[in-house]
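Visitor: Quick one: structure below, then a few questions.
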Amino acid sequence: MADSHTHTPTPTPTHTHTHTPEPRLTPEPRPIPSPAAYLLLTRMWSRAAWQYRASLLLTGTAQMLGASLDLAALLVMYSQVTTLAGFTLPQTLYLYGTTRLAFALSDVIASGMETLSDSIRLGTFDVMLIRPVGTLAQVLADQFTPKRFGKLIPSTATLVWAAQALPITWTPLKAMVCVGTVVCGTVIYCALWVLTNSISFVATDARESANVITYGGELITEFPFAIYQRSLALLMTFAIPLAFVTWEPSLYVLGRRDPLGLPGFLSFAPPVVALLLSLLAALVWRVAVRHYRSTGS
Amino acid sequence: MRVYLTAARLSFRRYITYRSATIAGLITNTCFGFIRAYILLAMWHEKPHIGGYDAADAVTYVFLTQGLTTPIGIFFGSTELGLRIRTGEVATDLYRPCDFQLWFLALDVGRAVAGLVLRTAPPVVIGTLFFPTRLPAAPLPWLEFALSCTLGLLINFAIRYLVSLSAFWTLDERGSAALLLVVSMFFSGMIIPVAVMPGWLGALARTLPWSATLQVPIDVLLGTGTAGFLNALAFQLLWAAALIALGRAVTTAARRKTVVQGG
């Protein structure tokens, strides 16, 4: 009996002429690089959203209409007054347009972060951890929908209109600062999406408070900082660097002195701020994921 | 009647459970109140009287809207019904031996009362601590305000209910809900008071039902309305009756052609 036991399972190596390597028990995971994974996942989610065309078109239209009505509210304000804290309509529209465009771009790229609290609560984040793809790319791409592009149209139109309505001469440097404002603003907002929504690792259903910095941050930077109380404006410059999204660089483009009396070189600080904030966001994300414990449900 | 009260009570308990979500929501409502207060104050700084409001009225208005959005449901595009039609759970709702529309109204009232208890007072109180505001001391405006808010909720529910019912035809109410949401945000006076909207836009906004959900109740409380309490009440009652009746008609039509998804 013992003899037959040891005898039966030995496979006879008759087909070795193909020289295939022996299959390993655990195939070596080949991680997909995060940017590629992100694009792959967003394409997948877009195709999923495309299956419900009517709904996608309606929600995209809703996003566009929402952005337009928001603009209408600003125009209503200027129908009652000629300046807000000394800023004319084209000047405020320039701030508004750069903010809205930068935020809309960050919304396209990073608002998947809003699904993080649900992923943690439902346990699907645990599934993301075992995939051979970076967790950040997965969360950012989660439930991506092309409806978000709807916001880009009104905000671009606003910025273009404001840029030509401003009574300033456009120099190459000003044009560069303008483009840089939108690019760095997008990066700053993306970092803020990651930083604020990471609160879900600590308190799963406290996600709504992230809105203060993301959507609230958008609302704050749409207007000249001169309308806020000085202490609050300083807080939003140095504690939460919202001033660097549009306010500081735009002072240079608009050719205005800082009403808060801060030095002029801060107008050129957004790239540094964007870089530092992105590094901070990456660090916070790493620490948070490393300390993550499943909710246990 | 008892069944609806029980449904409302259970819905209330469901919405009152999540504590850290409530605190997060309060922080959000209050912070947005501050931002919007500064924006409006910049406007009133240039022009001290706009649309019958002075600066104190405007700030009070902002914090009242922040406190009332959750109970009245300005940020919701549909009701729970929409989701239930999409998932097919509505089949159970259709079995229930009670009125379909009233059942969902009861659930929404429970949700609103939970929102009122948790989310209304703190933003208003914090706002009055930091800004000059104007709230009436006499009890009568508050009673009128309570009645007006109830009608505001009824109107808001009736509109959201109609949007939810659209899922019976489109199989997905999220598109129409998103459209409703942006329209309701603007015309309720959530982004900017209806009172400051000029010309034809103001006239249009004052006629549409959304003004009856936020602007009218707040005008009743602050005494800033131009028409007086009874006219405001009549305006709200008219819209409430019309929208509820329309909801009943559409419910009947929907029951006739129901396709239940899922399974």
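Ordered as shown in the structure tokens, chains take letters A, B, and onward, while each chain numbers its residues from 1 and ligands are numbered from 1 in the order shown.
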Please identify every residue of chain A that has at least one atom no more than 6 Å from any atom of chain B, counting only C-alpha atoms, and report them as a list in words.

Guide: Ser55, Leu58, Thr59, Ala62, Gly66, Leu84, Asp205, Ala206, Glu208, Ser209, Val212, Ile227 and Tyr228 of chain A

Visitor: Excluding same-chain residues fewer than 3 positions from region 184-189 of chain A, what lies within 10 Å of it counting only C-alpha atoms, as a PyMOL selection string?

Guide: chain A and resi 98-111+177+179-181+192-195+213-215+217-218+241-246+269-278+281

Visitor: What does the distance from CA of Pro141 (chain B) to CA of Ala112 (chain B) come to in Å, to one decimal?

Guide: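 Rounded to one decimal, the two atoms are 20.9 Å apart.
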
Visitor: Name the residues in contact with Ile244 (chain B) at a cut-off of 9 Å, using only C-alpha atoms, excluding same-chain residues fewer than 4 positions from it; report them as an MDAnalysis selection string.

Guide: chainID B and resid 101 154:155 157:159 161:162 239:240 248:249

Visitor: Write a file of the just-selected residues containing N, CA and C atoms, as a compact mmCIF listing (two decimals), in the first residue's frame.

Guide:
# COMPACT_ATOMS: atom_id res chain seq x y z
N GLN B 101 -47.74 57.69 -2.83
CA GLN B 101 -47.13 59.02 -2.70
C GLN B 101 -46.97 59.42 -1.23
N LEU B 154 -42.91 70.52 1.41
CA LEU B 154 -43.92 69.80 0.63
C LEU B 154 -43.71 70.04 -0.87
N ILE B 155 -43.45 71.28 -1.23
CA ILE B 155 -43.22 71.62 -2.64
C ILE B 155 -41.95 70.96 -3.14
N PHE B 157 -40.49 68.32 -1.96
CA PHE B 157 -40.70 66.88 -2.07
C PHE B 157 -41.48 66.56 -3.34
N ALA B 158 -42.55 67.34 -3.60
CA ALA B 158 -43.42 67.05 -4.75
C ALA B 158 -42.62 67.09 -6.05
N ILE B 159 -41.69 68.05 -6.16
CA ILE B 159 -40.87 68.14 -7.38
C ILE B 159 -39.93 66.94 -7.47
N TYR B 161 -40.26 64.08 -6.11
CA TYR B 161 -41.05 62.87 -6.32
C TYR B 161 -41.33 62.69 -7.81
N LEU B 162 -41.68 63.80 -8.49
CA LEU B 162 -41.95 63.73 -9.92
C LEU B 162 -40.70 63.29 -10.68
N TRP B 239 -48.81 76.20 -5.42
CA TRP B 239 -47.79 75.34 -6.02
C TRP B 239 -47.82 73.95 -5.40
N ALA B 240 -47.99 73.89 -4.07
CA ALA B 240 -48.00 72.59 -3.39
C ALA B 240 -49.14 71.73 -3.93
N ARG B 248 -49.76 62.71 -8.22
CA ARG B 248 -50.75 61.63 -8.12
C ARG B 248 -51.13 61.12 -9.51
N ALA B 249 -51.33 62.07 -10.43
CA ALA B 249 -51.70 61.68 -11.79
C ALA B 249 -50.60 60.83 -12.43

Visitor: Find the residue from A:Val182, A:Ala37, A:Ala226, A:Ala210 that sits nearest to Arg256 (chain A); use only C-alpha atoms when measuring.

Guide: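 Using only C-alpha atoms, Arg256 (chain A) sits closest to A:Ala226.
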
Visitor: In Å, how far is it from CA of Tyr252 (chain A) to CA of Ser267 (chain A)?

Guide: 6.1 Å
